[in-house]
Each structure stands twice: as C-alpha cells, then as structure tokens.
$ cat data_29.pdb   # PDB, C-alpha atoms and all ligand atoms
ATOM      1  CA  MET A1040       0.000   0.000   0.000
ATOM      2  CA  ASP A1041       1.305   3.415  -1.008
ATOM      3  CA  SER A1042       0.995   6.590   1.116
ATOM      4  CA  ARG A1043      -0.595   8.481  -1.750
ATOM      5  CA  GLU A1044      -3.484   6.015  -1.840
ATOM      6  CA  ILE A1045      -4.467   6.770   1.773
ATOM      7  CA  GLU A1046      -3.331  10.381   2.019
ATOM      8  CA  GLY A1047      -6.439  11.356   4.003
ATOM      9  CA  ASP A1048      -5.549   8.941   6.818
ATOM     10  CA  LEU A1049      -2.052  10.360   7.294
ATOM     11  CA  THR A1050      -0.702  13.650   8.659
ATOM     12  CA  GLU A1051       2.831  13.306   7.370
ATOM     13  CA  VAL A1052       5.165  10.727   5.874
ATOM     14  CA  LEU A1053       8.162  10.535   8.224
ATOM     15  CA  VAL A1054      10.326   7.892   6.564
ATOM     16  CA  THR A1055       9.930   6.781   2.975
ATOM     17  CA  GLU A1056      10.309   3.283   1.572
ATOM     18  CA  GLN A1057      13.525   4.370  -0.160
ATOM     19  CA  GLN A1058      14.988   5.856   3.024
ATOM     20  CA  ILE A1059      14.225   2.598   4.862
ATOM     21  CA  ARG A1060      15.859   0.540   2.120
ATOM     22  CA  ASP A1061      19.007   2.695   2.134
ATOM     23  CA  LYS A1062      19.243   2.632   5.928
ATOM     24  CA  LEU A1063      18.822  -1.152   6.163
ATOM     25  CA  ALA A1064      21.572  -1.616   3.578
ATOM     26  CA  GLU A1065      23.868   0.610   5.666
ATOM     27  CA  LEU A1066      23.025  -1.285   8.883
ATOM     28  CA  ALA A1067      23.493  -4.639   7.128
ATOM     29  CA  ARG A1068      27.055  -3.691   6.100
ATOM     30  CA  ARG A1069      27.883  -2.852   9.741
ATOM     31  CA  ILE A1070      26.270  -6.071  11.006
ATOM     32  CA  GLU A1071      28.192  -8.209   8.475
ATOM     33  CA  ALA A1072      31.463  -6.627   9.550
ATOM     34  CA  ASP A1073      30.731  -6.881  13.287
ATOM     35  CA  TYR A1074      29.707 -10.556  13.148
ATOM     36  CA  GLU A1075      32.216 -11.779  10.592
ATOM     37  CA  GLY A1076      32.780 -15.525  11.000
ATOM     38  CA  GLU A1077      29.808 -15.925  13.399
ATOM     39  CA  ARG A1078      26.434 -17.454  12.634
ATOM     40  CA  LEU A1079      24.072 -14.769  13.843
ATOM     41  CA  LEU A1080      20.579 -15.472  15.184
ATOM     42  CA  LEU A1081      18.063 -12.761  14.324
ATOM     43  CA  VAL A1082      15.185 -12.629  16.822
ATOM     44  CA  GLY A1083      12.162 -10.780  15.477
ATOM     45  CA  VAL A1084       9.459  -9.436  17.751
ATOM     46  CA  LEU A1085       6.032 -10.143  16.280
ATOM     47  CA  LYS A1086       4.163  -8.684  14.649
ATOM     48  CA  GLY A1087       5.613  -5.240  14.067
ATOM     49  CA  ALA A1088       9.122  -6.383  13.159
ATOM     50  CA  VAL A1089       8.056  -8.615  10.266
ATOM     51  CA  MET A1090       8.923  -6.096   7.538
ATOM     52  CA  VAL A1091      12.234  -5.008   9.104
ATOM     53  CA  MET A1092      13.248  -8.641   9.558
ATOM     54  CA  ALA A1093      12.327  -9.594   5.987
ATOM     55  CA  ASP A1094      14.228  -6.703   4.432
ATOM     56  CA  LEU A1095      17.224  -6.686   6.793
ATOM     57  CA  ALA A1096      17.738 -10.456   6.529
ATOM     58  CA  ARG A1097      17.688 -10.342   2.723
ATOM     59  CA  GLU A1098      20.088  -7.410   2.720
ATOM     60  CA  LEU A1099      22.653  -9.435   4.709
ATOM     61  CA  ARG A1100      25.256 -11.286   2.637
ATOM     62  CA  SER A1101      26.114 -13.731   5.424
ATOM     63  CA  HIS A1102      24.337 -16.824   6.775
ATOM     64  CA  VAL A1103      21.852 -16.030   9.508
ATOM     65  CA  THR A1104      19.039 -17.912  11.181
ATOM     66  CA  MET A1105      15.738 -16.302  12.153
ATOM     67  CA  ASP A1106      13.419 -16.942  15.042
ATOM     68  CA  TRP A1107      10.410 -15.104  16.432
ATOM     69  CA  MET A1108       8.872 -14.097  19.716
ATOM     70  CA  ALA A1109       5.470 -12.617  20.401
ATOM     71  CA  VAL A1110       5.076 -10.602  23.593
ATOM     72  CA  SER A1111       2.345  -8.436  25.009
ATOM     73  CA  SER A1112       2.476  -5.721  27.597
ATOM     74  CA  TYR A1113       0.190  -6.140  30.582
ATOM     75  CA  GLY A1114      -1.590  -3.190  32.071
ATOM     76  CA  ALA A1115      -4.386  -0.754  31.466
ATOM     77  CA  GLY A1116      -4.603   1.588  28.518
ATOM     78  CA  THR A1117      -2.356   1.971  25.520
ATOM     79  CA  GLN A1118       0.811   2.733  27.489
ATOM     80  CA  SER A1119       3.398   0.015  27.836
ATOM     81  CA  SER A1120       3.577  -1.121  31.482
ATOM     82  CA  GLY A1121       6.884  -2.948  31.378
ATOM     83  CA  VAL A1122       5.233  -6.131  32.630
ATOM     84  CA  VAL A1123       5.467  -8.442  29.675
ATOM     85  CA  LYS A1124       3.846 -11.764  28.878
ATOM     86  CA  ILE A1125       5.325 -14.198  26.340
ATOM     87  CA  LEU A1126       2.644 -15.182  23.820
ATOM     88  CA  LYS A1127       5.014 -17.159  21.596
ATOM     89  CA  ASP A1128       8.486 -18.166  22.706
ATOM     90  CA  LEU A1129      11.595 -18.897  20.635
ATOM     91  CA  ASP A1130      12.160 -22.374  19.203
ATOM     92  CA  THR A1131      15.932 -21.870  19.403
ATOM     93  CA  ASP A1132      18.266 -22.696  22.296
ATOM     94  CA  LEU A1133      20.212 -19.481  22.906
ATOM     95  CA  SER A1134      23.178 -20.958  24.744
ATOM     96  CA  GLY A1135      26.384 -19.774  23.123
ATOM     97  CA  ARG A1136      24.522 -17.950  20.344
ATOM     98  CA  HIS A1137      25.111 -14.421  19.095
ATOM     99  CA  VAL A1138      21.655 -12.839  19.164
ATOM    100  CA  LEU A1139      20.444  -9.733  17.400
ATOM    101  CA  ILE A1140      16.957  -8.604  18.445
ATOM    102  CA  VAL A1141      15.122  -7.043  15.513
ATOM    103  CA  GLU A1142      12.448  -4.508  16.483
ATOM    104  CA  ASP A1143      10.209  -2.059  14.689
ATOM    105  CA  ILE A1144      10.180   0.721  17.266
ATOM    106  CA  ILE A1145      11.448   1.683  20.699
ATOM    107  CA  ASP A1146       8.895   3.870  22.451
ATOM    108  CA  SER A1147       9.161   3.829  26.275
ATOM    109  CA  GLY A1148      11.806   1.107  25.987
ATOM    110  CA  LEU A1149      10.052  -0.980  28.637
ATOM    111  CA  THR A1150       9.300  -3.941  26.357
ATOM    112  CA  LEU A1151      12.878  -4.232  25.134
ATOM    113  CA  SER A1152      14.291  -3.714  28.584
ATOM    114  CA  TRP A1153      12.280  -6.713  29.791
ATOM    115  CA  LEU A1154      13.152  -8.754  26.718
ATOM    116  CA  LEU A1155      16.882  -8.095  27.145
ATOM    117  CA  GLY A1156      16.733  -9.382  30.708
ATOM    118  CA  ASN A1157      14.752 -12.431  29.679
ATOM    119  CA  LEU A1158      17.060 -13.411  26.804
ATOM    120  CA  ALA A1159      20.198 -12.660  28.828
ATOM    121  CA  SER A1160      19.163 -15.355  31.333
ATOM    122  CA  ARG A1161      19.276 -18.003  28.577
ATOM    123  CA  GLY A1162      23.038 -18.097  28.160
ATOM    124  CA  ALA A1163      23.535 -16.257  24.872
ATOM    125  CA  ALA A1164      27.121 -15.384  23.937
ATOM    126  CA  SER A1165      26.015 -11.842  23.049
ATOM    127  CA  ILE A1166      22.791  -9.881  22.655
ATOM    128  CA  GLU A1167      22.428  -6.664  20.656
ATOM    129  CA  ILE A1168      19.485  -4.690  19.296
ATOM    130  CA  CYS A1169      18.557  -3.475  15.847
ATOM    131  CA  ALA A1170      15.537  -1.143  15.774
ATOM    132  CA  LEU A1171      14.216   0.714  12.768
ATOM    133  CA  LEU A1172      12.690   3.559  14.788
ATOM    134  CA  ARG A1173      13.118   5.201  18.179
ATOM    135  CA  LYS A1174      11.159   7.941  19.958
ATOM    136  CA  PRO A1175      13.808   9.600  22.159
ATOM    137  CA  ASP A1176      11.246  11.874  23.847
ATOM    138  CA  ALA A1177       9.190   8.879  25.031
ATOM    139  CA  ALA A1178      12.022   6.977  26.727
ATOM    140  CA  LYS A1179      11.342   5.730  30.269
ATOM    141  CA  VAL A1180      14.401   3.503  30.375
ATOM    142  CA  GLU A1181      17.687   3.842  28.530
ATOM    143  CA  ILE A1182      18.137   1.148  25.896
ATOM    144  CA  ASP A1183      21.514   0.599  24.301
ATOM    145  CA  VAL A1184      20.648   0.191  20.601
ATOM    146  CA  LYS A1185      23.634  -0.829  18.548
ATOM    147  CA  TYR A1186      21.908  -0.586  15.155
ATOM    148  CA  LEU A1187      19.346   2.211  14.873
ATOM    149  CA  GLY A1188      17.457   3.380  11.807
ATOM    150  CA  PHE A1189      15.781   6.690  12.638
ATOM    151  CA  ASP A1190      14.895   8.869  15.616
ATOM    152  CA  ILE A1191      11.349  10.178  15.215
ATOM    153  CA  PRO A1192       9.101  12.597  17.132
ATOM    154  CA  ASN A1193       6.848  11.354  19.933
ATOM    155  CA  GLN A1194       3.792  10.738  17.740
ATOM    156  CA  PHE A1195       1.842   7.602  16.917
ATOM    157  CA  VAL A1196       3.138   6.178  13.652
ATOM    158  CA  VAL A1197       1.968   3.438  11.331
ATOM    159  CA  GLY A1198       3.311   1.586   8.331
ATOM    160  CA  TYR A1199       6.135  -0.814   7.489
ATOM    161  CA  GLY A1200       4.837  -3.319  10.039
ATOM    162  CA  LEU A1201       3.432  -0.830  12.526
ATOM    163  CA  ASP A1202      -0.317  -0.875  12.976
ATOM    164  CA  TYR A1203      -3.292   0.941  14.315
ATOM    165  CA  ALA A1204      -5.891  -1.705  15.290
ATOM    166  CA  GLU A1205      -4.054  -4.202  13.038
ATOM    167  CA  THR A1206      -4.417  -1.898  10.011
ATOM    168  CA  TYR A1207      -1.740   0.000   8.026
ATOM    169  CA  ARG A1208       0.982  -2.643   8.527
ATOM    170  CA  ASN A1209       1.279  -3.039   4.739
ATOM    171  CA  LEU A1210       1.899   0.659   4.120
ATOM    172  CA  ARG A1211       5.321   0.973   2.468
ATOM    173  CA  ASP A1212       6.376   4.162   4.294
ATOM    174  CA  VAL A1213       6.292   5.138   7.978
ATOM    175  CA  ALA A1214       3.779   7.928   8.567
ATOM    176  CA  ILE A1215       2.010   9.825  11.337
ATOM    177  CA  LEU A1216      -1.602   8.704  11.597
ATOM    178  CA  ALA A1217      -4.144  11.534  11.299
ATOM    179  CA  PRO A1218      -6.023  12.091  14.605
ATOM    180  CA  HIS A1219      -9.449  11.794  12.921
ATOM    181  CA  VAL A1220      -8.726   8.099  12.317
ATOM    182  CA  TYR A1221      -8.596   7.198  16.024
ATOM    183  CA  SER A1222     -10.808   9.875  17.615
TER     184      SER A1222
HETATM  185  P1  LIG B   1       7.676   0.282  24.434
HETATM  186  O1  LIG B   1       6.929   1.487  24.968
HETATM  187  O2  LIG B   1       7.678  -0.833  25.439
HETATM  188  O3  LIG B   1       6.746  -0.186  23.254
HETATM  189  O4  LIG B   1       9.033   0.660  23.927
HETATM  190  C1  LIG B   1       7.197  -0.815  22.158
HETATM  191  C2  LIG B   1       6.079  -1.423  21.396
HETATM  192  O5  LIG B   1       4.884  -0.612  21.382
HETATM  193  C3  LIG B   1       4.359  -0.513  20.073
HETATM  194  N1  LIG B   1       4.405   0.906  19.627
HETATM  195  C4  LIG B   1       3.848   1.414  18.522
HETATM  196  N2  LIG B   1       3.128   0.831  17.549
HETATM  197  N3  LIG B   1       2.937   2.917  16.436
HETATM  198  C5  LIG B   1       2.664   1.595  16.506
HETATM  199  O6  LIG B   1       2.012   1.091  15.609
HETATM  200  C6  LIG B   1       3.667   3.575  17.365
HETATM  201  O7  LIG B   1       3.880   4.789  17.252
HETATM  202  C7  LIG B   1       4.144   2.772  18.465
HETATM  203  N4  LIG B   1       4.884   3.072  19.565
HETATM  204  C8  LIG B   1       5.027   1.898  20.240
HETATM  205  C9  LIG B   1       5.216  -1.393  19.215
HETATM  206  O8  LIG B   1       4.607  -2.669  19.097
HETATM  207  C10 LIG B   1       6.504  -1.541  19.963
HETATM  208  O9  LIG B   1       7.159  -2.771  19.748
HETATM  209 MG    MG B   2       6.745  -4.305  18.375
END

$ encode --input "data_29.pdb" --output "structure tokens" --more "lines below"
Ligand code: XMP
Ligand code: MG
Amino acid sequence: MDSREIEGDLTEVLVTEQQIRDKLAELARRIEADYEGERLLLVGVLKGAVMVMADLARELRSHVTMDWMAVSSYGAGTQSSGVVKILKDLDTDLSGRHVLIVEDIIDSGLTLSWLLGNLASRGAASIEICALLRKPDAAKVEIDVKYLGFDIPNQFVVGYGLDYAETYRNLRDVAILAPHVYS
C-alpha cells in the first residue's frame, strides 16, 4: 500500500520506503562486519518487526538464522507497562549464540528492557538490538541500541509493520496517523 493512496488517513510521511531501504543496507554492512565468521541469530518481535526482519535479513550477505517471539504488555490503557507476557516463545536454544533482536520501534523502551533481561538469562554469547525507529522523547528507560534506523518525534506512527488496530501494517512508508482516524 502506497501513502498516496491513503493520504487522508495520514498527517505526514516521516520515513519513505527508499529511506528505509538505504538505511537497512547501511546497517546490514555494519552487522556483516561486526559478526564476521559468526552465525548470527536474528530474533524478530512479532508482529511489528516482520517487515524489518524480511528486508534486513535479505540485505545481509552472510548466513543467519531467524526466530520469532510474540510478547504483550500487561496493564491498562495503551501505554506500555513494562510487565510483559510471552505469547510465543523462541524455538531456538540461545546458549552460546550471538543474538540480534530485531524490532520495529522503541517507544518507552520498557518492552525491550524486559526482553533483554529475559534473553540474557538463557546463556547467549552476546545480545544486541537493531531497531528501525526510536522515539527519544518517550524513553522511560535507557536502551543501548547498537543498530538504529531513525529517531522520530513522539507521535503515533503506522506503516512498514506498525499498525493501528491491526491496520496499516502493509503501508510501504512510515507515517504519522491523522487524529481523525482514532478519535
Ligand atoms: P515500548 O513502549 O515498550 O513499546 O518501547 C514498544 C512497542 O509498542 C508498540 N508501539 C507502537 N506501535 N505505532 C505503533 O504502531 C507507534 O507509534 C508505536 N509506539 C510503540 C510497538 O509494538 C513496539 O514494539
Ligand atoms: Mg513491536
């Protein structure tokens, strides 16, 4: 789905498909160099990270394996609480593995902070994070992101995997959702 086709639903396109492609290529070159000689495990966080995972993995010129987790934040409202429940766990034994968590967006950072702690207890050789987007003004905990795509303003965004009520994930760009859509 193209931004122009749903212009009325969007306030502003923040990151275009081309900018995402260029950035993932740049990150992939760094990842290849940093993990040279290692067989990296990419851990995608469902469902938002599906597009980033698909494009990043294909951009990499080295062997990688992919696995997935689904987590949900407990708590009232739309704000992340930091208390996380595993809906779908990994199939892979992490002991001795080099793990790269692949995420769509870091908002408060609470989900990733919990996930880092959880994965760290499974004996991985290393754990790093690759996130396409980050909202620096929304941070509640500091997350050390080794591979970051773009810092964006503290606004609700959709597209490239990110949804509003499960819609807009197949938008090619990342855009700010117009308030009239959710109010
Ligand atoms: P925290 O706050 O724990 O949240 O860093 C991360 C998760 O919350 C979702 N999220 C968003 N989803 N547009 C979305 O479609 C947004 O602007 C947005 N901000 C946070 C997302 O699932 C992310 O993994
Ligand atoms: Mg997510």

$ atom_distance --input "data_29.pdb" --atom1 "atom CA of A:Ile1215" --atom2 "atom CA of A:Asp1061"
20.6 Å

$ resolve_selection --input "data_29.pdb" --expression "the PyMOL selection byres (((not hetatm)) within 7 of (chain B and resi 1))" --output "PyMOL selection string"
chain A and resi 1087+1118-1119+1121+1142-1151+1194-1197+1201-1203

$ resolve_selection --input "data_29.pdb" --expression "the PyMOL selection byres (((chain A and resi 1129) around 7) and not hetatm)" --output "PyMOL selection string"
chain A and resi 1106-1108+1127-1128+1130-1131

$ resolve_selection --input "data_29.pdb" --expression "the PyMOL selection byres (((chain A and resi 1078) around 10) and not hetatm)" --output "PDB file with C-alpha atoms, keeping the file's coordinate frame"
ATOM      1  CA  TYR A1074      29.707 -10.556  13.148  1.00  0.00           C
ATOM      2  CA  GLU A1075      32.216 -11.779  10.592  1.00  0.00           C
ATOM      3  CA  GLY A1076      32.780 -15.525  11.000  1.00  0.00           C
ATOM      4  CA  GLU A1077      29.808 -15.925  13.399  1.00  0.00           C
ATOM      5  CA  LEU A1079      24.072 -14.769  13.843  1.00  0.00           C
ATOM      6  CA  LEU A1080      20.579 -15.472  15.184  1.00  0.00           C
ATOM      7  CA  LEU A1081      18.063 -12.761  14.324  1.00  0.00           C
ATOM      8  CA  SER A1101      26.114 -13.731   5.424  1.00  0.00           C
ATOM      9  CA  HIS A1102      24.337 -16.824   6.775  1.00  0.00           C
ATOM     10  CA  VAL A1103      21.852 -16.030   9.508  1.00  0.00           C
ATOM     11  CA  THR A1104      19.039 -17.912  11.181  1.00  0.00           C
ATOM     12  CA  ARG A1136      24.522 -17.950  20.344  1.00  0.00           C
ATOM     13  CA  HIS A1137      25.111 -14.421  19.095  1.00  0.00           C
ATOM     14  CA  VAL A1138      21.655 -12.839  19.164  1.00  0.00           C
TER      15      VAL A1138
END

$ residues_near_point --input "data_29.pdb" --point "(23.0, -17.5, 25.5)" --cutoff "10 Å" --atoms "only C-alpha atoms" --output "NGL selection string"
:A and (1132-1138 or 1158-1166)

$ closest_residue --input "data_29.pdb" --among "A:Glu1181, A:Asp1048, A:Asp1094, A:Glu1065" --to "A:Pro1218" --atoms "all atoms listed in the file"
A:Asp1048

$ axis_aligned_box --input "data_29.pdb" --around "stretch 1061-1075 of chain A" --padding-each-side "6 Å" --output "AutoDock Vina command-line options"
--center_x 25.5 --center_y -4.5 --center_z 7.7 --size_x 25.4 --size_y 26.5 --size_z 23.2

$ atom_distance --input "data_29.pdb" --atom1 "atom CA of A:Ser1222" --atom2 "atom CA of A:Ile1045"
17.3 Å

$ atom_distance --input "data_29.pdb" --atom1 "atom CA of A:Val1054" --atom2 "atom CA of A:Asp1073"
26.1 Å

$ residues_near_point --input "data_29.pdb" --point "(8.1, -9.8, 29.5)" --cutoff "6 Å" --atoms "all atoms listed in the file" --output "VMD selection string"
chain A and resid 1122 to 1124 1153 to 1154

$ closest_residue --input "data_29.pdb" --among "A:Leu1126, A:Ala1064, A:Leu1216, A:Ala1109" --to "ligand MG 2 (chain B)" --atoms "only C-alpha atoms and all ligand atoms"
A:Ala1109

$ closest_residue --input "data_29.pdb" --among "A:Leu1063, A:Val1052, A:Arg1068, A:Arg1211" --to "A:Ile1191" --atoms "all atoms listed in the file"
A:Val1052

$ residues_around --input "data_29.pdb" --residues "A:Asp1212" --least-positions-apart "3" --cutoff "8 Å" --atoms "all atoms listed in the file" --output "list in words"
Asp1041, Ser1042, Val1052, Leu1053, Val1054, Thr1055, Glu1056, Gly1198 and Tyr1199 of chain A

$ write_last_selection --input "data_29.pdb" --atoms "C-alpha atoms" --output "mmCIF file, keeping the file's coordinate frame"
data_model
loop_
_atom_site.group_PDB
_atom_site.id
_atom_site.type_symbol
_atom_site.label_atom_id
_atom_site.label_comp_id
_atom_site.auth_asym_id
_atom_site.auth_seq_id
_atom_site.Cartn_x
_atom_site.Cartn_y
_atom_site.Cartn_z
ATOM 1 C CA ASP A 1041 1.305 3.415 -1.008
ATOM 2 C CA SER A 1042 0.995 6.590 1.116
ATOM 3 C CA VAL A 1052 5.165 10.727 5.874
ATOM 4 C CA LEU A 1053 8.162 10.535 8.224
ATOM 5 C CA VAL A 1054 10.326 7.892 6.564
ATOM 6 C CA THR A 1055 9.930 6.781 2.975
ATOM 7 C CA GLU A 1056 10.309 3.283 1.572
ATOM 8 C CA GLY A 1198 3.311 1.586 8.331
ATOM 9 C CA TYR A 1199 6.135 -0.814 7.489
#

$ closest_residue --input "data_29.pdb" --among "A:Val1213, A:Glu1046, A:Thr1206, A:Val1091" --to "A:Cys1169" --atoms "all atoms listed in the file"
A:Val1091

$ closest_residue --input "data_29.pdb" --among "A:Met1105, A:Met1040, A:Val1141, A:Val1180" --to "ligand MG 2 (chain B)" --atoms "only C-alpha atoms and all ligand atoms"
A:Val1141

$ build_atoms --input "data_29.pdb" --residues "stretch 1171-1196 of chain A" --atoms "N, CA and C atoms" --output "JSON list (two decimals), in the frame of the given file"
[["chain", "number", "residue", "atom", "x", "y", "z"],
["A", 1171, "LEU", "N", 14.37, -0.23, 13.88],
["A", 1171, "LEU", "CA", 14.22, 0.71, 12.77],
["A", 1171, "LEU", "C", 13.95, 2.13, 13.28],
["A", 1172, "LEU", "N", 13.10, 2.25, 14.31],
["A", 1172, "LEU", "CA", 12.69, 3.56, 14.79],
["A", 1172, "LEU", "C", 12.87, 3.69, 16.29],
["A", 1173, "ARG", "N", 13.06, 4.93, 16.74],
["A", 1173, "ARG", "CA", 13.12, 5.20, 18.18],
["A", 1173, "ARG", "C", 12.49, 6.57, 18.43],
["A", 1174, "LYS", "N", 11.73, 6.65, 19.54],
["A", 1174, "LYS", "CA", 11.16, 7.94, 19.96],
["A", 1174, "LYS", "C", 11.92, 8.40, 21.19],
["A", 1175, "PRO", "N", 12.96, 9.22, 21.02],
["A", 1175, "PRO", "CA", 13.81, 9.60, 22.16],
["A", 1175, "PRO", "C", 13.01, 10.33, 23.24],
["A", 1176, "ASP", "N", 12.00, 11.09, 22.86],
["A", 1176, "ASP", "CA", 11.25, 11.87, 23.85],
["A", 1176, "ASP", "C", 10.28, 11.02, 24.67],
["A", 1177, "ALA", "N", 10.12, 9.75, 24.30],
["A", 1177, "ALA", "CA", 9.19, 8.88, 25.03],
["A", 1177, "ALA", "C", 9.92, 7.93, 25.98],
["A", 1178, "ALA", "N", 11.24, 7.96, 25.98],
["A", 1178, "ALA", "CA", 12.02, 6.98, 26.73],
["A", 1178, "ALA", "C", 11.76, 7.03, 28.23],
["A", 1179, "LYS", "N", 11.46, 5.85, 28.81],
["A", 1179, "LYS", "CA", 11.34, 5.73, 30.27],
["A", 1179, "LYS", "C", 12.54, 4.99, 30.83],
["A", 1180, "VAL", "N", 13.15, 4.16, 29.99],
["A", 1180, "VAL", "CA", 14.40, 3.50, 30.38],
["A", 1180, "VAL", "C", 15.38, 3.64, 29.21],
["A", 1181, "GLU", "N", 16.65, 3.75, 29.55],
["A", 1181, "GLU", "CA", 17.69, 3.84, 28.53],
["A", 1181, "GLU", "C", 17.92, 2.47, 27.91],
["A", 1182, "ILE", "N", 17.85, 2.39, 26.59],
["A", 1182, "ILE", "CA", 18.14, 1.15, 25.90],
["A", 1182, "ILE", "C", 19.35, 1.38, 25.00],
["A", 1183, "ASP", "N", 20.31, 0.48, 25.09],
["A", 1183, "ASP", "CA", 21.51, 0.60, 24.30],
["A", 1183, "ASP", "C", 21.27, -0.07, 22.94],
["A", 1184, "VAL", "N", 20.95, 0.74, 21.93],
["A", 1184, "VAL", "CA", 20.65, 0.19, 20.60],
["A", 1184, "VAL", "C", 21.89, 0.28, 19.74],
["A", 1185, "LYS", "N", 22.41, -0.86, 19.35],
["A", 1185, "LYS", "CA", 23.63, -0.83, 18.55],
["A", 1185, "LYS", "C", 23.35, -0.41, 17.11],
["A", 1186, "TYR", "N", 22.24, -0.88, 16.56],
["A", 1186, "TYR", "CA", 21.91, -0.59, 15.16],
["A", 1186, "TYR", "C", 20.55, 0.11, 15.10],
["A", 1187, "LEU", "N", 20.59, 1.43, 14.88],
["A", 1187, "LEU", "CA", 19.35, 2.21, 14.87],
["A", 1187, "LEU", "C", 19.10, 2.82, 13.50],
["A", 1188, "GLY", "N", 17.83, 2.75, 13.06],
["A", 1188, "GLY", "CA", 17.46, 3.38, 11.81],
["A", 1188, "GLY", "C", 17.26, 4.87, 11.97],
["A", 1189, "PHE", "N", 16.15, 5.28, 12.59],
["A", 1189, "PHE", "CA", 15.78, 6.69, 12.64],
["A", 1189, "PHE", "C", 15.20, 7.08, 14.00],
["A", 1190, "ASP", "N", 15.60, 8.25, 14.49],
["A", 1190, "ASP", "CA", 14.90, 8.87, 15.62],
["A", 1190, "ASP", "C", 13.72, 9.65, 15.06],
["A", 1191, "ILE", "N", 12.55, 9.49, 15.69],
["A", 1191, "ILE", "CA", 11.35, 10.18, 15.22],
["A", 1191, "ILE", "C", 10.68, 10.91, 16.37],
["A", 1192, "PRO", "N", 9.81, 11.89, 16.06],
["A", 1192, "PRO", "CA", 9.10, 12.60, 17.13],
["A", 1192, "PRO", "C", 8.13, 11.68, 17.88],
["A", 1193, "ASN", "N", 7.72, 12.15, 19.07],
["A", 1193, "ASN", "CA", 6.85, 11.35, 19.93],
["A", 1193, "ASN", "C", 5.39, 11.42, 19.46],
["A", 1194, "GLN", "N", 5.13, 10.76, 18.34],
["A", 1194, "GLN", "CA", 3.79, 10.74, 17.74],
["A", 1194, "GLN", "C", 3.49, 9.30, 17.36],
["A", 1195, "PHE", "N", 2.20, 8.97, 17.27],
["A", 1195, "PHE", "CA", 1.84, 7.60, 16.92],
["A", 1195, "PHE", "C", 2.04, 7.40, 15.42],
["A", 1196, "VAL", "N", 2.84, 6.42, 15.06],
["A", 1196, "VAL", "CA", 3.14, 6.18, 13.65],
["A", 1196, "VAL", "C", 2.65, 4.80, 13.20]]
